[in-house]
file final-v8.pdb (PDB, C-alpha atoms and all ligand atoms)
ATOM      1  CA  MET A   1      46.301  64.465 -11.654
ATOM      2  CA  GLU A   2      44.756  66.124 -14.702
ATOM      3  CA  TRP A   3      41.410  65.077 -16.034
ATOM      4  CA  THR A   4      40.825  67.860 -18.487
ATOM      5  CA  ASN A   5      41.213  65.625 -21.522
ATOM      6  CA  THR A   6      38.483  63.199 -20.490
ATOM      7  CA  PRO A   7      35.758  63.910 -23.034
ATOM      8  CA  GLU A   8      32.841  62.559 -21.039
ATOM      9  CA  TYR A   9      33.851  64.502 -18.013
ATOM     10  CA  SER A  10      31.194  67.144 -18.114
ATOM     11  CA  THR A  11      28.361  64.693 -18.584
ATOM     12  CA  MET A  12      29.641  62.211 -16.030
ATOM     13  CA  TYR A  13      28.510  64.033 -12.970
ATOM     14  CA  HIS A  14      25.001  64.437 -11.946
ATOM     15  CA  ASP A  15      24.064  66.355  -8.922
ATOM     16  CA  LEU A  16      22.844  64.146  -6.197
ATOM     17  CA  PRO A  17      19.128  63.816  -6.157
ATOM     18  CA  ASP A  18      18.756  66.512  -3.516
ATOM     19  CA  ALA A  19      15.341  65.399  -2.549
ATOM     20  CA  ALA A  20      13.763  64.097   0.597
ATOM     21  CA  SER A  21      12.949  60.850  -1.181
ATOM     22  CA  PHE A  22      16.632  60.134  -1.894
ATOM     23  CA  TRP A  23      17.654  60.612   1.745
ATOM     24  CA  SER A  24      14.722  58.608   3.043
ATOM     25  CA  PHE A  25      15.612  55.843   0.570
ATOM     26  CA  LEU A  26      19.160  55.758   1.961
ATOM     27  CA  PHE A  27      17.734  55.682   5.468
ATOM     28  CA  ALA A  28      15.639  52.649   4.515
ATOM     29  CA  VAL A  29      18.811  50.917   3.284
ATOM     30  CA  ASP A  30      20.502  51.700   6.605
ATOM     31  CA  GLN A  31      17.539  50.188   8.404
ATOM     32  CA  ASP A  32      17.964  46.976   6.409
ATOM     33  CA  LEU A  33      21.689  46.876   7.183
ATOM     34  CA  ALA A  34      20.871  47.437  10.858
ATOM     35  CA  GLU A  35      18.280  44.681  10.912
ATOM     36  CA  THR A  36      20.800  42.237   9.447
ATOM     37  CA  ALA A  37      23.290  43.197  12.167
ATOM     38  CA  ARG A  38      20.679  42.915  14.908
ATOM     39  CA  LYS A  39      19.698  39.400  13.851
ATOM     40  CA  LYS A  40      23.285  38.222  14.194
ATOM     41  CA  ALA A  41      23.177  38.943  17.943
ATOM     42  CA  CYS A  42      26.208  39.628  20.091
ATOM     43  CA  PRO A  43      29.154  37.188  19.937
ATOM     44  CA  CYS A  44      28.498  36.515  23.655
ATOM     45  CA  GLY A  45      25.016  35.280  22.783
ATOM     46  CA  GLY A  46      23.275  38.336  24.192
ATOM     47  CA  ARG A  47      20.490  40.138  22.401
ATOM     48  CA  LEU A  48      21.158  43.417  20.677
ATOM     49  CA  HIS A  49      19.061  46.374  21.721
ATOM     50  CA  ARG A  50      18.753  49.663  19.913
ATOM     51  CA  SER A  51      21.186  52.299  21.074
ATOM     52  CA  ASN A  52      21.367  54.874  18.322
ATOM     53  CA  TYR A  53      23.486  57.984  18.103
ATOM     54  CA  LEU A  54      21.835  61.265  17.290
ATOM     55  CA  ARG A  55      23.814  62.993  14.572
ATOM     56  CA  LYS A  56      23.131  66.211  12.800
ATOM     57  CA  PRO A  57      24.065  65.249   9.286
ATOM     58  CA  ARG A  58      25.154  68.111   7.063
ATOM     59  CA  GLY A  59      25.138  68.202   3.314
ATOM     60  CA  THR A  60      21.510  68.409   2.392
ATOM     61  CA  LEU A  61      19.179  71.313   1.988
ATOM     62  CA  VAL A  62      16.301  69.099   2.923
ATOM     63  CA  GLN A  63      15.175  69.290   6.524
ATOM     64  CA  LEU A  64      15.593  65.685   7.563
ATOM     65  CA  PRO A  65      13.036  64.302  10.002
ATOM     66  CA  GLN A  66      14.683  63.435  13.322
ATOM     67  CA  PRO A  67      14.706  59.632  12.917
ATOM     68  CA  GLN A  68      16.726  60.107   9.728
ATOM     69  CA  CYS A  69      19.417  61.906  11.726
ATOM     70  CA  LEU A  70      20.143  58.774  13.728
ATOM     71  CA  ARG A  71      23.248  56.696  13.248
ATOM     72  CA  LEU A  72      21.729  53.291  13.867
ATOM     73  CA  SER A  73      23.561  51.240  16.448
ATOM     74  CA  PHE A  74      23.009  48.498  19.025
ATOM     75  CA  CYS A  75      24.136  47.467  22.440
ATOM     76  CA  CYS A  76      24.316  43.951  23.925
ATOM     77  CA  ASP A  77      21.786  43.512  26.723
ATOM     78  CA  ARG A  78      23.935  41.191  28.855
ATOM     79  CA  ASP A  79      25.444  42.519  32.046
ATOM     80  CA  GLY A  80      29.177  42.271  31.900
ATOM     81  CA  CYS A  81      29.185  42.529  28.114
ATOM     82  CA  ARG A  82      27.163  45.524  26.888
ATOM     83  CA  LYS A  83      29.253  45.497  23.750
ATOM     84  CA  ARG A  84      28.280  47.943  21.053
ATOM     85  CA  ALA A  85      27.524  46.792  17.533
ATOM     86  CA  THR A  86      27.332  49.449  14.847
ATOM     87  CA  PRO A  87      26.188  48.250  11.430
ATOM     88  CA  PRO A  88      27.533  49.655   8.164
ATOM     89  CA  SER A  89      25.836  52.765   6.797
ATOM     90  CA  VAL A  90      25.194  54.237   3.381
ATOM     91  CA  ARG A  91      24.623  57.659   4.944
ATOM     92  CA  PHE A  92      27.423  58.326   7.410
ATOM     93  CA  LEU A  93      31.068  58.032   6.478
ATOM     94  CA  GLY A  94      32.927  57.404   9.703
ATOM     95  CA  ARG A  95      32.610  60.255  12.174
ATOM     96  CA  LYS A  96      32.209  62.857   9.490
ATOM     97  CA  VAL A  97      29.065  64.878  10.045
ATOM     98  CA  TYR A  98      28.500  65.252   6.331
ATOM     99  CA  LEU A  99      26.439  62.716   4.483
ATOM    100  CA  ALA A 100      28.728  60.280   2.710
ATOM    101  CA  ALA A 101      27.389  61.120  -0.746
ATOM    102  CA  ILE A 102      28.359  64.765  -0.300
ATOM    103  CA  VAL A 103      31.845  63.908   0.905
ATOM    104  CA  ILE A 104      32.323  61.750  -2.188
ATOM    105  CA  LEU A 105      30.736  64.090  -4.700
ATOM    106  CA  ILE A 106      32.506  67.279  -3.697
ATOM    107  CA  SER A 107      35.859  65.521  -3.298
ATOM    108  CA  ALA A 108      35.498  63.911  -6.720
ATOM    109  CA  MET A 109      34.548  67.158  -8.400
ATOM    110  CA  ARG A 110      37.575  68.797  -6.872
ATOM    111  CA  GLN A 111      39.673  66.591  -9.102
ATOM    112  CA  GLY A 112      37.972  67.794 -12.234
ATOM    113  CA  PRO A 113      38.327  70.945 -14.287
ATOM    114  CA  THR A 114      35.264  72.625 -12.849
ATOM    115  CA  PRO A 115      36.350  74.688  -9.848
ATOM    116  CA  ARG A 116      33.359  76.975 -10.247
ATOM    117  CA  ARG A 117      30.932  74.104  -9.832
ATOM    118  CA  VAL A 118      32.807  72.838  -6.796
ATOM    119  CA  ARG A 119      32.500  76.298  -5.265
ATOM    120  CA  GLU A 120      28.786  76.334  -6.001
ATOM    121  CA  LEU A 121      28.292  72.869  -4.583
ATOM    122  CA  SER A 122      30.309  73.460  -1.438
ATOM    123  CA  GLN A 123      28.471  76.710  -0.793
ATOM    124  CA  ARG A 124      25.177  75.023  -1.401
ATOM    125  CA  PHE A 125      25.958  72.269   1.082
ATOM    126  CA  GLY A 126      27.828  74.469   3.530
ATOM    127  CA  ALA A 127      31.213  72.747   3.319
ATOM    128  CA  GLY A 128      34.071  75.194   3.809
ATOM    129  CA  GLU A 129      37.519  75.102   2.210
ATOM    130  CA  SER A 130      39.197  73.536   5.235
ATOM    131  CA  THR A 131      36.555  70.805   5.467
ATOM    132  CA  ILE A 132      37.023  69.950   1.809
ATOM    133  CA  ALA A 133      40.792  69.979   2.271
ATOM    134  CA  ARG A 134      40.404  67.369   5.034
ATOM    135  CA  TRP A 135      38.271  65.209   2.767
ATOM    136  CA  GLN A 136      40.934  65.448   0.086
ATOM    137  CA  ILE A 137      43.575  64.223   2.530
ATOM    138  CA  PHE A 138      41.281  61.396   3.549
ATOM    139  CA  TRP A 139      40.842  60.164  -0.033
ATOM    140  CA  ARG A 140      44.390  60.778  -1.173
ATOM    141  CA  GLU A 141      46.364  59.599   1.828
ATOM    142  CA  HIS A 142      44.264  57.617   4.244
ATOM    143  CA  PHE A 143      41.725  55.670   2.185
ATOM    144  CA  PRO A 144      44.261  54.052  -0.215
ATOM    145  CA  GLN A 145      46.118  52.641   2.812
ATOM    146  CA  THR A 146      43.108  50.931   4.311
ATOM    147  CA  LEU A 147      42.762  47.197   4.409
ATOM    148  CA  PHE A 148      39.318  47.590   2.837
ATOM    149  CA  TRP A 149      40.688  49.302  -0.242
ATOM    150  CA  LYS A 150      43.696  47.024  -0.600
ATOM    151  CA  VAL A 151      41.318  44.107  -0.899
ATOM    152  CA  ALA A 152      38.510  45.836  -2.805
ATOM    153  CA  ARG A 153      40.621  47.420  -5.522
ATOM    154  CA  ALA A 154      41.338  44.002  -7.015
ATOM    155  CA  GLY A 155      37.734  44.000  -8.238
ATOM    156  CA  PHE A 156      38.379  47.043 -10.390
ATOM    157  CA  VAL A 157      40.834  45.527 -12.806
ATOM    158  CA  THR A 158      38.221  45.115 -15.523
ATOM    159  CA  LEU A 159      36.757  48.553 -14.932
ATOM    160  CA  GLY A 160      39.934  50.291 -15.936
ATOM    161  CA  GLN A 161      42.612  51.814 -13.853
ATOM    162  CA  ILE A 162      41.860  53.504 -10.607
ATOM    163  CA  LYS A 163      43.853  56.652 -11.081
ATOM    164  CA  SER A 164      42.423  59.107  -8.673
ATOM    165  CA  LEU A 165      40.191  58.722  -5.633
ATOM    166  CA  PRO A 166      37.318  59.175  -5.190
ATOM    167  CA  TYR A 167      36.906  60.358  -8.797
ATOM    168  CA  SER A 168      37.601  56.936 -10.296
ATOM    169  CA  LEU A 169      35.071  55.292  -7.984
ATOM    170  CA  VAL A 170      32.332  57.727  -8.933
ATOM    171  CA  ASP A 171      33.240  57.189 -12.552
ATOM    172  CA  ALA A 172      33.164  53.405 -12.229
ATOM    173  CA  PHE A 173      29.779  53.336 -10.519
ATOM    174  CA  LEU A 174      27.957  56.142 -12.293
ATOM    175  CA  ARG A 175      29.196  55.784 -15.835
ATOM    176  CA  ARG A 176      26.879  52.995 -16.888
ATOM    177  CA  GLN A 177      23.782  53.332 -14.784
ATOM    178  CA  PRO A 178      21.168  55.847 -13.747
ATOM    179  CA  PRO A 179      22.536  58.248 -11.080
ATOM    180  CA  SER A 180      20.319  57.096  -8.236
ATOM    181  CA  GLU A 181      21.228  53.453  -8.813
ATOM    182  CA  GLY A 182      24.905  54.274  -9.304
ATOM    183  CA  TRP A 183      24.998  56.243  -6.063
ATOM    184  CA  MET A 184      23.225  53.463  -4.249
ATOM    185  CA  LEU A 185      25.753  50.868  -5.407
ATOM    186  CA  LEU A 186      28.718  53.116  -4.651
ATOM    187  CA  LEU A 187      27.484  53.916  -1.139
ATOM    188  CA  ARG A 188      26.810  50.252  -0.455
ATOM    189  CA  PHE A 189      30.245  49.353  -1.764
ATOM    190  CA  LEU A 190      31.871  51.811   0.642
ATOM    191  CA  SER A 191      29.661  50.931   3.603
ATOM    192  CA  PRO A 192      32.173  48.491   5.204
ATOM    193  CA  ILE A 193      34.445  51.442   5.982
ATOM    194  CA  THR A 194      31.710  53.149   7.989
ATOM    195  CA  VAL A 195      31.857  50.784  10.960
ATOM    196  CA  PRO A 196      34.332  51.296  13.805
ATOM    197  CA  GLY A 197      37.628  49.778  12.693
ATOM    198  CA  GLY A 198      36.512  49.837   9.068
ATOM    199  CA  LEU A 199      39.179  52.380   8.225
ATOM    200  CA  GLN A 200      41.921  50.269   9.673
ATOM    201  CA  ILE A 201      45.207  50.794   7.963
ATOM    202  CA  LYS A 202      47.152  47.801   6.779
ATOM    203  CA  VAL A 203      50.652  47.903   8.125
ATOM    204  CA  SER A 204      53.136  46.271   5.816
ATOM    205  CA  HIS A 205      56.281  44.804   7.322
TER     206      HIS A 205
HETATM  207 ZN    ZN B 301      27.330  40.623  24.419
END
call {"tool": "encode", "arguments": {"input": "final-v8.pdb", "output": "structure tokens", "more": "lines below"}}
Ligand SMILES: [Zn+2]
result
Amino acid sequence: MEWTNTPEYSTMYHDLPDAASFWSFLFAVDQDLAETARKKACPCGGRLHRSNYLRKPRGTLVQLPQPQCLRLSFCCDRDGCRKRATPPSVRFLGRKVYLAAIVILISAMRQGPTPRRVRELSQRFGAGESTIARWQIFWREHFPQTLFWKVARAGFVTLGQIKSLPYSLVDAFLRRQPPSEGWMLLLRFLSPITVPGGLQIKVSH
């Protein structure tokens, strides 16, 4: 897919705010999402207790404080249940160790006419060629098949055609608002796919 004739292309992308405040803001959003999940309790009626995963998120040059490296999660406190409940996240995309924003940004830029900038970005965030190639496969082949996307894409009719993922998503969310707000909305939009089972593929018969 060629994007070279899109005039706004060069001004469309903004580097992520690579600042501690941006990552701590996203962490605060994750805490809110976690609190909402915790209040719902376990389907068995049990209470949910904290049972976080320690991750070492990659994709930022900022040294994140340890609490910010946690994938927030819960566990039911009832014997015989102990079911895990993992809320959606705006930071972690599935099991990928890279912060979601980086996975989206570098993958999207790959689809544009700026290979030099992609190289710079991937070097800066320590994502190698093979990692980026896996992200590309995720966006091109896996994501479009998910139940989430099959439902969600209907909402994009008025925003123009979704031609190429994740480029078109970044475009849709960042075109008309300040970068930090656009990123926030995009990450929140994608957060349902970050829970276990959220990347379920719809099988058509
Ligand atoms: Zn339970």
call {"tool": "residues_near_ligand", "arguments": {"input": "final-v8.pdb", "ligand": "ligand ZN 301 (chain B)", "cutoff": "9 Å", "atoms": "all atoms listed in the file", "output": "ChimeraX atom specification"}}
result
/A:41-48,75-84
call {"tool": "atom_distance", "arguments": {"input": "final-v8.pdb", "atom1": "atom CA of A:Val97", "atom2": "atom CA of A:Leu72"}}
result
14.2 Å
call {"tool": "atom_distance", "arguments": {"input": "final-v8.pdb", "atom1": "atom CA of A:Ala37", "atom2": "atom CA of A:Pro196"}}
result
13.8 Å
call {"tool": "atom_distance", "arguments": {"input": "final-v8.pdb", "atom1": "atom CA of A:Arg58", "atom2": "atom CA of A:Tyr98"}}
result
4.5 Å
call {"tool": "closest_residue", "arguments": {"input": "final-v8.pdb", "among": "A:Phe189, A:Glu129, A:Gly182, A:Trp139", "to": "A:Ala152", "atoms": "all atoms listed in the file"}}
result
A:Phe189
call {"tool": "residues_around", "arguments": {"input": "final-v8.pdb", "residues": "A:Ser107", "least_positions_apart": "4", "cutoff": "7 Å", "atoms": "only C-alpha atoms", "output": "PyMOL selection string"}}
result
chain A and resi 103+132+135-136+166
call {"tool": "closest_residue", "arguments": {"input": "final-v8.pdb", "among": "A:Val170, A:Leu186, A:Ile102, A:Ile201", "to": "A:His142", "atoms": "only C-alpha atoms"}}
result
A:Ile201
call {"tool": "resolve_selection", "arguments": {"input": "final-v8.pdb", "expression": "the PyMOL selection byres (((chain A and resi 90) around 7) and not hetatm)", "output": "list in words"}}
result
Leu26, Asp30, Ser89, Arg91, Phe92, Leu187, Arg188 and Ser191 of chain A
call {"tool": "closest_residue", "arguments": {"input": "final-v8.pdb", "among": "A:Ser164, A:Ser130, A:Ser24, A:Gln200", "to": "A:Trp149", "atoms": "all atoms listed in the file"}}
result
A:Gln200
call {"tool": "closest_residue", "arguments": {"input": "final-v8.pdb", "among": "A:Val62, A:Val118, A:Ala108, A:Cys69", "to": "A:Arg140", "atoms": "only C-alpha atoms"}}
result
A:Ala108
call {"tool": "axis_aligned_box", "arguments": {"input": "final-v8.pdb", "around": "stretch 127-141 of chain A", "padding_each_side": "5 Å", "output": "AutoDock Vina command-line options"}}
result
--center_x 38.8 --center_y 67.4 --center_z 2.1 --size_x 25.2 --size_y 25.6 --size_z 16.6
call {"tool": "resolve_selection", "arguments": {"input": "final-v8.pdb", "expression": "the PyMOL selection byres (((chain A and resi 21) around 12) and not hetatm)", "output": "PyMOL selection string"}}
result
chain A and resi 16-20+22-28+60+62-65+68+180
